[in-house]
file work35.txt (compact mmCIF, C-alpha atoms and all ligand atoms)
# COMPACT_ATOMS: atom_id res chain seq x y z
CA MET A 1 2.94 66.02 7.17
CA LYS A 2 1.18 62.95 8.52
CA LEU A 3 2.77 59.71 7.41
CA VAL A 4 1.36 56.21 7.47
CA ALA A 5 2.91 52.78 7.10
CA ALA A 6 1.63 49.98 4.87
CA ILE A 7 2.54 46.53 6.16
CA ASP A 8 1.97 43.49 3.94
CA VAL A 9 2.48 40.18 5.72
CA GLY A 10 3.26 37.43 3.22
CA GLY A 11 4.21 33.80 3.68
CA THR A 12 7.93 34.46 3.28
CA SER A 13 8.44 38.17 3.91
CA ILE A 14 6.84 41.16 5.60
CA LYS A 15 7.00 44.23 3.38
CA GLY A 16 6.78 47.66 4.94
CA ALA A 17 6.39 51.03 3.23
CA LEU A 18 6.24 54.58 4.52
CA VAL A 19 3.61 56.52 2.57
CA ASP A 20 2.61 60.19 2.56
CA PRO A 21 -0.98 61.53 2.25
CA ASP A 22 -0.49 61.93 -1.53
CA LEU A 23 0.21 58.19 -1.72
CA HIS A 24 3.89 58.52 -2.53
CA ILE A 25 6.07 55.72 -1.18
CA ILE A 26 8.86 57.46 0.74
CA ALA A 27 10.76 54.48 2.13
CA THR A 28 10.53 50.71 2.24
CA ALA A 29 11.86 48.00 4.54
CA ASN A 30 11.40 44.23 4.52
CA ALA A 31 11.96 41.40 6.97
CA PRO A 32 11.49 37.62 6.86
CA THR A 33 8.13 36.40 8.15
CA PRO A 34 8.54 34.49 11.45
CA GLN A 35 7.61 30.86 10.84
CA ASN A 36 5.13 28.87 12.96
CA ASP A 37 4.20 32.00 14.88
CA VAL A 38 0.77 30.68 15.86
CA ASP A 39 0.06 33.36 18.49
CA GLY A 40 1.38 36.23 16.32
CA SER A 41 3.75 37.47 19.04
CA LYS A 42 6.91 37.27 16.91
CA THR A 43 5.16 38.82 13.92
CA VAL A 44 4.07 41.94 15.83
CA LYS A 45 7.64 42.35 17.15
CA VAL A 46 9.05 42.14 13.61
CA ILE A 47 6.51 44.71 12.39
CA SER A 48 7.38 47.01 15.28
CA GLU A 49 11.07 46.81 14.30
CA LEU A 50 10.20 47.50 10.64
CA LEU A 51 8.29 50.63 11.66
CA SER A 52 11.29 51.94 13.58
CA LYS A 53 13.43 51.41 10.46
CA LEU A 54 10.93 53.32 8.32
CA ALA A 55 10.54 56.43 10.48
CA SER A 56 11.41 58.11 13.77
CA PRO A 57 9.18 57.49 16.79
CA GLY A 58 5.94 59.47 16.54
CA GLU A 59 6.20 60.12 12.78
CA ILE A 60 3.86 57.30 11.73
CA LYS A 61 0.27 58.21 12.62
CA ALA A 62 -1.49 55.04 11.47
CA VAL A 63 -0.68 51.61 10.06
CA GLY A 64 -2.48 49.67 7.34
CA LEU A 65 -1.99 45.94 7.85
CA ALA A 66 -2.70 43.46 5.05
CA VAL A 67 -2.61 39.70 5.50
CA PRO A 68 -3.49 36.74 3.25
CA GLY A 69 -6.05 34.02 3.84
CA ALA A 70 -9.60 34.10 5.20
CA LEU A 71 -10.26 37.19 7.31
CA ASP A 72 -12.85 38.84 9.46
CA GLU A 73 -11.99 42.31 8.18
CA THR A 74 -14.45 44.15 10.46
CA ASN A 75 -13.08 42.64 13.65
CA GLY A 76 -9.43 42.45 12.61
CA ILE A 77 -9.18 38.69 12.89
CA SER A 78 -7.25 36.24 10.72
CA ARG A 79 -9.70 33.35 10.49
CA TRP A 80 -7.26 31.06 8.72
CA SER A 81 -3.97 31.36 6.91
CA GLY A 82 -2.25 28.18 5.79
CA ASN A 83 1.03 29.95 5.00
CA LEU A 84 1.20 31.82 8.31
CA GLY A 85 -0.20 29.06 10.52
CA TRP A 86 -2.83 31.41 11.97
CA LYS A 87 -6.29 30.44 13.13
CA ASN A 88 -8.77 32.91 14.69
CA LEU A 89 -5.93 35.27 15.57
CA PRO A 90 -6.93 38.88 16.50
CA ILE A 91 -3.81 40.18 14.76
CA ARG A 92 -5.02 43.78 14.27
CA ASP A 93 -5.51 44.39 17.99
CA LEU A 94 -2.34 42.48 18.92
CA LEU A 95 -0.35 44.80 16.67
CA ALA A 96 -2.12 47.96 17.88
CA ARG A 97 -1.33 46.99 21.48
CA GLU A 98 2.35 46.42 20.64
CA ILE A 99 2.96 49.61 18.62
CA LYS A 100 0.38 51.93 20.25
CA ILE A 101 -0.60 53.35 16.85
CA PRO A 102 -4.06 52.92 15.24
CA VAL A 103 -4.12 49.92 12.86
CA ALA A 104 -6.42 49.44 9.85
CA PHE A 105 -6.83 45.90 8.60
CA GLY A 106 -7.39 44.38 5.18
CA HIS A 107 -6.82 41.45 2.87
CA ASP A 108 -3.68 41.52 0.72
CA VAL A 109 -5.63 41.17 -2.54
CA ARG A 110 -8.64 43.36 -1.71
CA THR A 111 -6.42 46.26 -0.58
CA GLY A 112 -4.95 46.27 -4.09
CA ALA A 113 -8.44 46.37 -5.55
CA LEU A 114 -9.29 49.28 -3.25
CA ALA A 115 -6.34 51.26 -4.64
CA GLU A 116 -7.37 50.54 -8.23
CA LEU A 117 -11.04 51.30 -7.50
CA ARG A 118 -10.42 54.62 -5.78
CA ASN A 119 -7.64 55.97 -7.91
CA GLY A 120 -6.52 53.48 -10.55
CA ALA A 121 -7.70 51.33 -13.44
CA ALA A 122 -11.17 50.70 -11.95
CA LYS A 123 -11.86 54.33 -10.98
CA GLY A 124 -15.41 55.31 -11.88
CA LEU A 125 -16.36 51.72 -12.80
CA ASN A 126 -18.93 49.56 -11.04
CA ASN A 127 -17.83 46.11 -12.13
CA ALA A 128 -14.20 45.11 -12.32
CA ILE A 129 -11.89 42.27 -11.38
CA PHE A 130 -8.41 42.72 -9.96
CA ILE A 131 -6.09 39.73 -10.29
CA PRO A 132 -2.66 40.03 -8.71
CA ILE A 133 -0.39 37.22 -9.85
CA GLY A 134 2.61 36.56 -7.64
CA THR A 135 3.51 33.58 -5.47
CA GLY A 136 -0.19 32.76 -5.60
CA ILE A 137 -3.23 33.92 -7.55
CA ALA A 138 -6.47 35.34 -6.19
CA ALA A 139 -9.01 37.82 -7.47
CA ALA A 140 -10.78 40.76 -5.91
CA LEU A 141 -14.27 41.05 -7.31
CA ILE A 142 -15.66 44.56 -7.60
CA ILE A 143 -19.41 44.11 -8.01
CA ASP A 144 -21.74 47.11 -8.24
CA GLY A 145 -19.00 49.32 -6.83
CA GLN A 146 -18.33 47.14 -3.78
CA ILE A 147 -15.38 44.81 -3.19
CA ARG A 148 -16.87 41.42 -2.45
CA SER A 149 -15.47 39.68 0.62
CA SER A 150 -18.12 37.16 1.70
CA ASN A 151 -16.49 36.75 5.11
CA GLY A 152 -13.11 36.63 3.44
CA PHE A 153 -13.75 33.58 1.28
CA ALA A 154 -14.59 35.22 -2.07
CA GLY A 155 -12.28 35.47 -5.04
CA GLU A 156 -10.08 32.38 -4.73
CA ILE A 157 -9.79 32.03 -8.50
CA GLY A 158 -6.33 30.45 -8.12
CA HIS A 159 -8.05 27.24 -7.06
CA VAL A 160 -10.49 26.72 -9.88
CA ASN A 161 -9.66 23.79 -12.10
CA VAL A 162 -8.38 24.90 -15.49
CA GLY A 163 -7.52 21.36 -16.55
CA GLY A 164 -3.82 21.69 -15.86
CA GLU A 165 -1.30 18.94 -15.19
CA PHE A 166 0.32 20.36 -12.03
CA ASN A 167 -0.39 19.58 -8.37
CA CYS A 168 -1.49 22.54 -6.26
CA VAL A 169 -0.69 23.59 -2.67
CA CYS A 170 -4.41 23.19 -1.87
CA GLY A 171 -4.12 19.44 -2.40
CA LYS A 172 -5.84 19.29 -5.77
CA LYS A 173 -4.51 18.96 -9.30
CA GLY A 174 -5.14 21.27 -12.23
CA CYS A 175 -5.67 24.56 -10.34
CA LEU A 176 -4.96 27.88 -12.06
CA GLU A 177 -2.37 28.78 -9.42
CA ALA A 178 -0.39 25.59 -10.08
CA ALA A 179 -0.11 26.50 -13.77
CA ALA A 180 0.23 30.26 -13.87
CA SER A 181 1.51 31.86 -10.65
CA ALA A 182 4.93 33.49 -10.92
CA LEU A 183 6.25 30.75 -8.64
CA SER A 184 4.70 27.95 -10.72
CA ILE A 185 6.12 29.39 -13.95
CA THR A 186 9.59 29.62 -12.39
CA ASN A 187 9.34 26.06 -11.03
CA ALA A 188 8.05 24.61 -14.31
CA TYR A 189 10.89 26.25 -16.23
CA ALA A 190 13.49 24.98 -13.74
CA GLN A 191 12.10 21.46 -14.01
CA ALA A 192 12.01 21.44 -17.81
CA SER A 193 15.28 23.27 -18.51
CA GLY A 194 17.40 22.36 -15.48
CA LYS A 195 18.08 26.10 -14.97
CA THR A 196 16.94 27.27 -11.55
CA GLY A 197 16.30 30.81 -10.39
CA THR A 198 14.89 32.20 -13.65
CA SER A 199 12.19 34.75 -12.82
CA SER A 200 8.79 34.66 -14.49
CA GLU A 201 9.60 38.00 -16.08
CA GLU A 202 12.79 36.56 -17.60
CA ILE A 203 10.85 33.52 -18.80
CA ALA A 204 8.37 35.81 -20.57
CA THR A 205 11.25 37.53 -22.34
CA LEU A 206 12.93 34.20 -23.19
CA SER A 207 9.63 33.06 -24.64
CA GLN A 208 9.45 36.13 -26.85
CA ASN A 209 13.04 35.53 -27.97
CA GLY A 210 12.28 32.00 -29.15
CA ASP A 211 13.35 29.79 -26.22
CA ALA A 212 11.16 26.73 -26.93
CA ILE A 213 10.86 25.60 -23.30
CA ALA A 214 9.97 29.10 -22.11
CA GLN A 215 7.45 29.43 -24.94
CA LYS A 216 5.63 26.24 -23.99
CA ILE A 217 5.45 27.15 -20.30
CA TRP A 218 4.44 30.77 -20.88
CA GLU A 219 1.78 29.84 -23.44
CA ASN A 220 0.36 27.21 -21.09
CA ALA A 221 0.25 29.72 -18.22
CA MET A 222 -1.44 32.39 -20.34
CA ALA A 223 -3.98 29.87 -21.68
CA SER A 224 -4.80 28.88 -18.09
CA ILE A 225 -5.31 32.51 -17.06
CA ALA A 226 -7.51 33.03 -20.13
CA THR A 227 -9.66 30.02 -19.16
CA ALA A 228 -10.18 31.47 -15.68
CA CYS A 229 -10.94 34.91 -17.17
CA GLN A 230 -13.49 33.37 -19.50
CA MET A 231 -15.36 31.97 -16.48
CA LEU A 232 -15.18 35.28 -14.63
CA ILE A 233 -16.35 37.26 -17.67
CA THR A 234 -19.24 34.90 -18.37
CA VAL A 235 -20.46 34.96 -14.76
CA LEU A 236 -19.69 38.51 -13.63
CA ALA A 237 -19.47 40.64 -16.81
CA PRO A 238 -16.72 42.98 -15.59
CA GLU A 239 -15.96 46.17 -17.51
CA VAL A 240 -12.26 45.69 -16.93
CA ILE A 241 -9.89 42.97 -15.73
CA ILE A 242 -6.83 44.42 -14.01
CA PHE A 243 -3.65 42.38 -13.63
CA GLY A 244 -1.27 43.17 -10.77
CA GLY A 245 1.46 41.46 -8.78
CA GLY A 246 4.91 40.48 -9.99
CA LEU A 247 3.69 38.91 -13.24
CA SER A 248 2.10 42.20 -14.31
CA GLN A 249 5.61 43.55 -14.89
CA SER A 250 5.58 41.53 -18.12
CA GLY A 251 3.04 44.01 -19.54
CA ASN A 252 1.87 43.15 -23.05
CA LEU A 253 3.59 39.76 -22.95
CA LEU A 254 0.89 38.98 -20.38
CA ILE A 255 -2.05 40.91 -21.85
CA ASP A 256 -1.73 40.04 -25.56
CA PRO A 257 -1.93 36.22 -25.41
CA ILE A 258 -4.81 36.38 -22.91
CA ALA A 259 -6.69 38.86 -25.13
CA LYS A 260 -6.08 36.65 -28.19
CA SER A 261 -7.31 33.55 -26.39
CA LEU A 262 -10.43 35.34 -25.11
CA GLY A 263 -11.10 36.65 -28.61
CA GLU A 264 -11.27 33.04 -29.78
CA SER A 265 -13.33 31.66 -26.89
CA LEU A 266 -15.91 34.34 -26.10
CA THR A 267 -19.03 34.49 -28.22
CA PHE A 268 -21.96 36.52 -26.85
CA GLN A 269 -20.18 37.92 -23.79
CA LYS A 270 -19.23 41.55 -23.51
CA VAL A 271 -15.45 41.66 -23.84
CA PRO A 272 -13.85 43.63 -20.98
CA GLN A 273 -10.74 45.74 -21.23
CA LEU A 274 -7.60 43.94 -20.06
CA VAL A 275 -5.10 46.24 -18.37
CA ILE A 276 -2.10 46.28 -16.06
CA ALA A 277 -2.79 47.78 -12.61
CA HIS A 278 -2.26 51.54 -12.43
CA TYR A 279 -0.18 50.94 -9.32
CA GLY A 280 1.48 47.84 -10.80
CA ALA A 281 2.91 45.48 -8.21
CA GLN A 282 2.48 48.27 -5.59
CA ALA A 283 -1.33 48.26 -5.66
CA GLY A 284 -1.59 46.29 -2.40
CA THR A 285 0.77 48.68 -0.63
CA ILE A 286 -1.11 51.76 -1.82
CA GLY A 287 -4.48 50.27 -0.83
CA CYS A 288 -3.08 49.47 2.60
CA ALA A 289 -1.88 53.06 2.97
CA MET A 290 -5.35 54.29 1.94
CA LEU A 291 -6.91 52.23 4.75
CA ALA A 292 -4.44 53.75 7.23
CA LEU A 293 -5.08 57.30 5.95
CA ASP A 294 -8.82 56.67 6.35
CA LEU A 295 -8.19 56.45 10.10
CA LEU A 296 -6.78 60.00 10.21
CA PRO A 297 -8.82 63.22 10.25
CA ASN A 298 -9.06 64.59 6.67
CA GLY A 299 -7.15 61.59 5.33
CA GLY A 300 -3.90 62.86 6.86
CA ASN A 301 -3.95 66.19 5.01
ZN ZN A 401 -5.42 24.76 -5.68
call {"tool": "encode", "arguments": {"input": "work35.txt", "output": "C-alpha cells"}}
result
Amino acid sequence: MKLVAAIDVGGTSIKGALVDPDLHIIATANAPTPQNDVDGSKTVKVISELLSKLASPGEIKAVGLAVPGALDETNGISRWSGNLGWKNLPIRDLLAREIKIPVAFGHDVRTGALAELRNGAAKGLNNAIFIPIGTGIAAALIIDGQIRSSNGFAGEIGHVNVGGEFNCVCGKKGCLEAAASALSITNAYAQASGKTGTSSEEIATLSQNGDAIAQKIWENAMASIATACQMLITVLAPEVIIFGGGLSQSGNLLIDPIAKSLGESLTFQKVPQLVIAHYGAQAGTIGCAMLALDLLPNGGN
C-alpha cells in the first residue's frame, strides 16, 4: 500500500498525518512550529523529523504540504505569512530537497475545500463556501466548480468588518475573526468571566446551559458569522455553506443560531444549506492527502 503524509503548518504547531489511499488517517504526530524561521530551514527539519515519526523510511511516497497566508500555489511559494514570518519563500522545493520525496503544495483553507468538494459536503455542487473556524477564520470560495484562489488572496472573510467591538490581528477593529474565531471566543470569555482556558466548545455548552456570560459571547459570535454569511450569500449565491475547523465540533449549537439569524435577515436571496464539514476539523488534512495522492500513479492504488 502506498502511503502519503499530510503536513499542515500552522502558526503554533505543525500537524502531520499518515494517510492511506482510501483517505484513512493511520497515524498523527505534531510538533511546535519554529518561530522566526525566515528562511524555512528549521521548519523543513521539523517536518522531516515528523515524517520519520509517522512511518519507516521509504514508506511515505508523497507529501501534501499546506501553509497559511498568501501563496503562489503553482510554484510552491509562500508569498507572505504574518504568523510564520515568511516572504517569497520557495517552501515546497526546500522541503522536497530535504526529504527527497515529491511534495504537493496547497493553502490550509483551500485544501479543506478540496476534500469537501471531491468527497464531502460540496460533492456534485458547483457553488459552495467552506469556512473553517479555528484560531482564525477564512473562507474557500467554490465558484462554478473551481476553488477560487486569485493568487492566494481570495476568501479572507475573517477580515471583513461586521461592526464588532474587538481589535483584530490585522490592525483593524470590528473584523469577523476578532469576534468569532475559536481563539477570540475563548479570550472574550476569559476576559469577561476571569476563567482562562475554557475552550470555545465548552463555552458553547455553557451557553446552552444558561451561563449568562457564555450566552452573550456565543450569541455575539454567531451573529457576527451570520452577518458575514449574509454578505457571502448575497454576492455569491452558494448552494451550501460548510463549516469546519475546531468550532464546527459544536454542531447544531453553531448551525442553529446562524440559520435563525439568516432567516430573519435574508429576503429575496436563495437560502443555502448550512452544514458541518463531512470531514469535520480533519478536512484540511484529508485535502492535503488528496493533493499528495494526486502525485502518485493511479492515486496510490
Ligand atoms: Zn482583521
call {"tool": "atom_distance", "arguments": {"input": "work35.txt", "atom1": "CA of Val19 in chain A", "atom2": "CA of Gln282 in chain A"}}
result
11.7 Å
call {"tool": "residues_near_ligand", "arguments": {"input": "work35.txt", "ligand": "ligand ZN 401 (chain A)", "cutoff": "6 Å", "atoms": "all atoms listed in the file", "output": "ChimeraX atom specification"}}
result
/A:159,168-170,172,175
call {"tool": "closest_residue", "arguments": {"input": "work35.txt", "among": "A:Ile185, A:Ile25, A:Leu95, A:Ile258", "to": "Ala228 in chain A", "atoms": "only C-alpha atoms"}}
result
A:Ile258
call {"tool": "closest_residue", "arguments": {"input": "work35.txt", "among": "A:Ile129, A:Leu266, A:Ala139, A:Ile286", "to": "Gly16 in chain A", "atoms": "all atoms listed in the file"}}
result
A:Ile286
call {"tool": "atom_distance", "arguments": {"input": "work35.txt", "atom1": "CA of Asn151 in chain A", "atom2": "CA of Ser78 in chain A"}}
result
10.8 Å
call {"tool": "atom_distance", "arguments": {"input": "work35.txt", "atom1": "CA of Gly245 in chain A", "atom2": "CA of Gly280 in chain A"}}
result
6.7 Å
call {"tool": "residues_around", "arguments": {"input": "work35.txt", "residues": "Leu296 in chain A", "least_positions_apart": "6", "cutoff": "12 Å", "atoms": "only C-alpha atoms", "output": "list of chain:residue names"}}
result
A:Met1, A:Lys2, A:Leu3, A:Val4, A:Pro21, A:Ile60, A:Lys61, A:Ala62, A:Val63, A:Gly64, A:Ile101, A:Pro102, A:Val103, A:Ala104, A:Ala289, A:Met290
call {"tool": "residues_around", "arguments": {"input": "work35.txt", "residues": "Lys270 in chain A", "least_positions_apart": "3", "cutoff": "9 Å", "atoms": "only C-alpha atoms", "output": "list in words"}}
result
Ile233, Thr234, Ala237, Pro238, Glu239, Leu266 and Thr267 of chain A
call {"tool": "closest_residue", "arguments": {"input": "work35.txt", "among": "A:Asn126, A:Gln215, A:Ser149, A:Thr43", "to": "Ser193 in chain A", "atoms": "only C-alpha atoms"}}
result
A:Gln215
call {"tool": "closest_residue", "arguments": {"input": "work35.txt", "among": "A:Lys216, A:Lys42, A:Lys123, A:Lys53", "to": "Ala17 in chain A", "atoms": "only C-alpha atoms"}}
result
A:Lys53
call {"tool": "closest_residue", "arguments": {"input": "work35.txt", "among": "A:Ala190, A:Val67, A:Leu232, A:Ile203", "to": "Cys288 in chain A", "atoms": "all atoms listed in the file"}}
result
A:Val67
call {"tool": "residues_around", "arguments": {"input": "work35.txt", "residues": "Ala226 in chain A", "least_positions_apart": "6", "cutoff": "10 Å", "atoms": "only C-alpha atoms", "output": "mmCIF file with C-alpha atoms, in the frame of the given file"}}
result
data_model
loop_
_atom_site.group_PDB
_atom_site.id
_atom_site.type_symbol
_atom_site.label_atom_id
_atom_site.label_comp_id
_atom_site.auth_asym_id
_atom_site.auth_seq_id
_atom_site.Cartn_x
_atom_site.Cartn_y
_atom_site.Cartn_z
ATOM 1 C CA VAL A 162 -8.380 24.900 -15.490
ATOM 2 C CA LEU A 176 -4.960 27.880 -12.060
ATOM 3 C CA ASN A 220 0.360 27.210 -21.090
ATOM 4 C CA LEU A 232 -15.180 35.280 -14.630
ATOM 5 C CA ILE A 255 -2.050 40.910 -21.850
ATOM 6 C CA PRO A 257 -1.930 36.220 -25.410
ATOM 7 C CA ILE A 258 -4.810 36.380 -22.910
ATOM 8 C CA ALA A 259 -6.690 38.860 -25.130
ATOM 9 C CA LYS A 260 -6.080 36.650 -28.190
ATOM 10 C CA SER A 261 -7.310 33.550 -26.390
ATOM 11 C CA LEU A 262 -10.430 35.340 -25.110
ATOM 12 C CA GLY A 263 -11.100 36.650 -28.610
ATOM 13 C CA SER A 265 -13.330 31.660 -26.890
#
call {"tool": "residues_near_point", "arguments": {"input": "work35.txt", "point": "(3.8, 38.2, -13.4)", "cutoff": "7 Å", "atoms": "only C-alpha atoms", "output": "list in words"}}
result
Ile133, Gly134, Ala182, Ser200, Glu201, Gly245, Gly246, Leu247, Ser248, Gln249 and Ser250 of chain A
call {"tool": "residues_around", "arguments": {"input": "work35.txt", "residues": "Phe153 in chain A", "least_positions_apart": "6", "cutoff": "9 Å", "atoms": "all atoms listed in the file", "output": "VMD selection string"}}
result
chain A and resid 69 to 71
call {"tool": "axis_aligned_box", "arguments": {"input": "work35.txt", "around": "range 21-32 of chain A", "padding_each_side": "6 Å", "output": "lines of an AutoDock Vina configuration file"}}
result
center_x = 5.5
center_y = 49.8
center_z = 2.2
size_x = 24.9
size_y = 36.3
size_z = 21.5
call {"tool": "closest_residue", "arguments": {"input": "work35.txt", "among": "A:Leu84, A:Ala180, A:Ala192, A:Leu50", "to": "Val38 in chain A", "atoms": "all atoms listed in the file"}}
result
A:Leu84
call {"tool": "residues_around", "arguments": {"input": "work35.txt", "residues": "Ala113 in chain A", "least_positions_apart": "5", "cutoff": "8 Å", "atoms": "only C-alpha atoms", "output": "MDAnalysis selection string"}}
result
chainID A and resid 129:130 140 142 147 283:284 287
call {"tool": "write_last_selection", "arguments": {"input": "work35.txt", "atoms": "C-alpha atoms", "output": "short mmCIF file (atom, residue, chain, number, x, y, z; two decimals), keeping the file's coordinate frame"}}
result
data_model
loop_
_atom_site.label_atom_id
_atom_site.label_comp_id
_atom_site.auth_asym_id
_atom_site.auth_seq_id
_atom_site.Cartn_x
_atom_site.Cartn_y
_atom_site.Cartn_z
CA ILE A 129 -11.89 42.27 -11.38
CA PHE A 130 -8.41 42.72 -9.96
CA ALA A 140 -10.78 40.76 -5.91
CA ILE A 142 -15.66 44.56 -7.60
CA ILE A 147 -15.38 44.81 -3.19
CA ALA A 283 -1.33 48.26 -5.66
CA GLY A 284 -1.59 46.29 -2.40
CA GLY A 287 -4.48 50.27 -0.83
#
call {"tool": "decode", "arguments": {"input": "work35.txt", "residues": "range 184-193 of chain A", "atoms": "all heavy atoms", "output": "PDB file, in the first residue's frame"}}
result
ATOM      1  N   SER A 184     -10.826  33.924  19.649  1.00  0.00           N
ATOM      2  CA  SER A 184     -11.482  35.154  20.123  1.00  0.00           C
ATOM      3  C   SER A 184     -12.570  34.843  21.144  1.00  0.00           C
ATOM      4  O   SER A 184     -12.742  35.571  22.122  1.00  0.00           O
ATOM      5  CB  SER A 184     -12.110  35.910  18.951  1.00  0.00           C
ATOM      6  OG  SER A 184     -11.146  36.211  17.994  1.00  0.00           O
ATOM      7  N   ILE A 185     -13.314  33.770  20.900  1.00  0.00           N
ATOM      8  CA  ILE A 185     -14.386  33.384  21.825  1.00  0.00           C
ATOM      9  C   ILE A 185     -13.788  33.005  23.181  1.00  0.00           C
ATOM     10  O   ILE A 185     -14.260  33.442  24.240  1.00  0.00           O
ATOM     11  CB  ILE A 185     -15.213  32.219  21.225  1.00  0.00           C
ATOM     12  CG1 ILE A 185     -16.018  32.723  20.011  1.00  0.00           C
ATOM     13  CG2 ILE A 185     -16.135  31.603  22.265  1.00  0.00           C
ATOM     14  CD1 ILE A 185     -16.683  31.625  19.198  1.00  0.00           C
ATOM     15  N   THR A 186     -12.710  32.227  23.142  1.00  0.00           N
ATOM     16  CA  THR A 186     -12.022  31.828  24.376  1.00  0.00           C
ATOM     17  C   THR A 186     -11.491  33.055  25.124  1.00  0.00           C
ATOM     18  O   THR A 186     -11.662  33.183  26.339  1.00  0.00           O
ATOM     19  CB  THR A 186     -10.855  30.872  24.034  1.00  0.00           C
ATOM     20  OG1 THR A 186     -11.416  29.677  23.493  1.00  0.00           O
ATOM     21  CG2 THR A 186     -10.036  30.519  25.250  1.00  0.00           C
ATOM     22  N   ASN A 187     -10.869  33.972  24.374  1.00  0.00           N
ATOM     23  CA  ASN A 187     -10.309  35.178  25.004  1.00  0.00           C
ATOM     24  C   ASN A 187     -11.396  36.075  25.585  1.00  0.00           C
ATOM     25  O   ASN A 187     -11.243  36.615  26.682  1.00  0.00           O
ATOM     26  CB  ASN A 187      -9.481  35.974  23.985  1.00  0.00           C
ATOM     27  CG  ASN A 187      -8.167  35.282  23.665  1.00  0.00           C
ATOM     28  OD1 ASN A 187      -7.749  34.369  24.378  1.00  0.00           O
ATOM     29  ND2 ASN A 187      -7.522  35.700  22.591  1.00  0.00           N
ATOM     30  N   ALA A 188     -12.497  36.234  24.848  1.00  0.00           N
ATOM     31  CA  ALA A 188     -13.583  37.099  25.321  1.00  0.00           C
ATOM     32  C   ALA A 188     -14.193  36.533  26.603  1.00  0.00           C
ATOM     33  O   ALA A 188     -14.517  37.273  27.540  1.00  0.00           O
ATOM     34  CB  ALA A 188     -14.654  37.242  24.237  1.00  0.00           C
ATOM     35  N   TYR A 189     -14.315  35.204  26.644  1.00  0.00           N
ATOM     36  CA  TYR A 189     -14.893  34.576  27.841  1.00  0.00           C
ATOM     37  C   TYR A 189     -13.954  34.738  29.035  1.00  0.00           C
ATOM     38  O   TYR A 189     -14.402  35.045  30.153  1.00  0.00           O
ATOM     39  CB  TYR A 189     -15.183  33.097  27.579  1.00  0.00           C
ATOM     40  CG  TYR A 189     -15.926  32.431  28.718  1.00  0.00           C
ATOM     41  CD1 TYR A 189     -17.290  32.657  28.903  1.00  0.00           C
ATOM     42  CD2 TYR A 189     -15.266  31.609  29.624  1.00  0.00           C
ATOM     43  CE1 TYR A 189     -17.976  32.074  29.954  1.00  0.00           C
ATOM     44  CE2 TYR A 189     -15.948  31.016  30.685  1.00  0.00           C
ATOM     45  CZ  TYR A 189     -17.301  31.248  30.841  1.00  0.00           C
ATOM     46  OH  TYR A 189     -17.982  30.678  31.890  1.00  0.00           O
ATOM     47  N   ALA A 190     -12.649  34.563  28.786  1.00  0.00           N
ATOM     48  CA  ALA A 190     -11.666  34.712  29.867  1.00  0.00           C
ATOM     49  C   ALA A 190     -11.700  36.131  30.421  1.00  0.00           C
ATOM     50  O   ALA A 190     -11.670  36.345  31.635  1.00  0.00           O
ATOM     51  CB  ALA A 190     -10.271  34.375  29.347  1.00  0.00           C
ATOM     52  N   GLN A 191     -11.805  37.096  29.519  1.00  0.00           N
ATOM     53  CA  GLN A 191     -11.812  38.498  29.936  1.00  0.00           C
ATOM     54  C   GLN A 191     -13.066  38.829  30.752  1.00  0.00           C
ATOM     55  O   GLN A 191     -12.994  39.515  31.763  1.00  0.00           O
ATOM     56  CB  GLN A 191     -11.755  39.383  28.692  1.00  0.00           C
ATOM     57  CG  GLN A 191     -11.127  40.731  28.961  1.00  0.00           C
ATOM     58  CD  GLN A 191     -10.953  41.532  27.672  1.00  0.00           C
ATOM     59  OE1 GLN A 191     -11.406  41.129  26.600  1.00  0.00           O
ATOM     60  NE2 GLN A 191     -10.310  42.657  27.774  1.00  0.00           N
ATOM     61  N   ALA A 192     -14.208  38.313  30.318  1.00  0.00           N
ATOM     62  CA  ALA A 192     -15.467  38.662  30.981  1.00  0.00           C
ATOM     63  C   ALA A 192     -15.706  37.862  32.261  1.00  0.00           C
ATOM     64  O   ALA A 192     -16.326  38.359  33.200  1.00  0.00           O
ATOM     65  CB  ALA A 192     -16.629  38.450  30.006  1.00  0.00           C
ATOM     66  N   SER A 193     -15.208  36.618  32.307  1.00  0.00           N
ATOM     67  CA  SER A 193     -15.526  35.759  33.455  1.00  0.00           C
ATOM     68  C   SER A 193     -14.357  35.612  34.423  1.00  0.00           C
ATOM     69  O   SER A 193     -14.540  35.175  35.558  1.00  0.00           O
ATOM     70  CB  SER A 193     -15.909  34.359  32.956  1.00  0.00           C
ATOM     71  OG  SER A 193     -14.760  33.712  32.433  1.00  0.00           O
TER      72      SER A 193
END
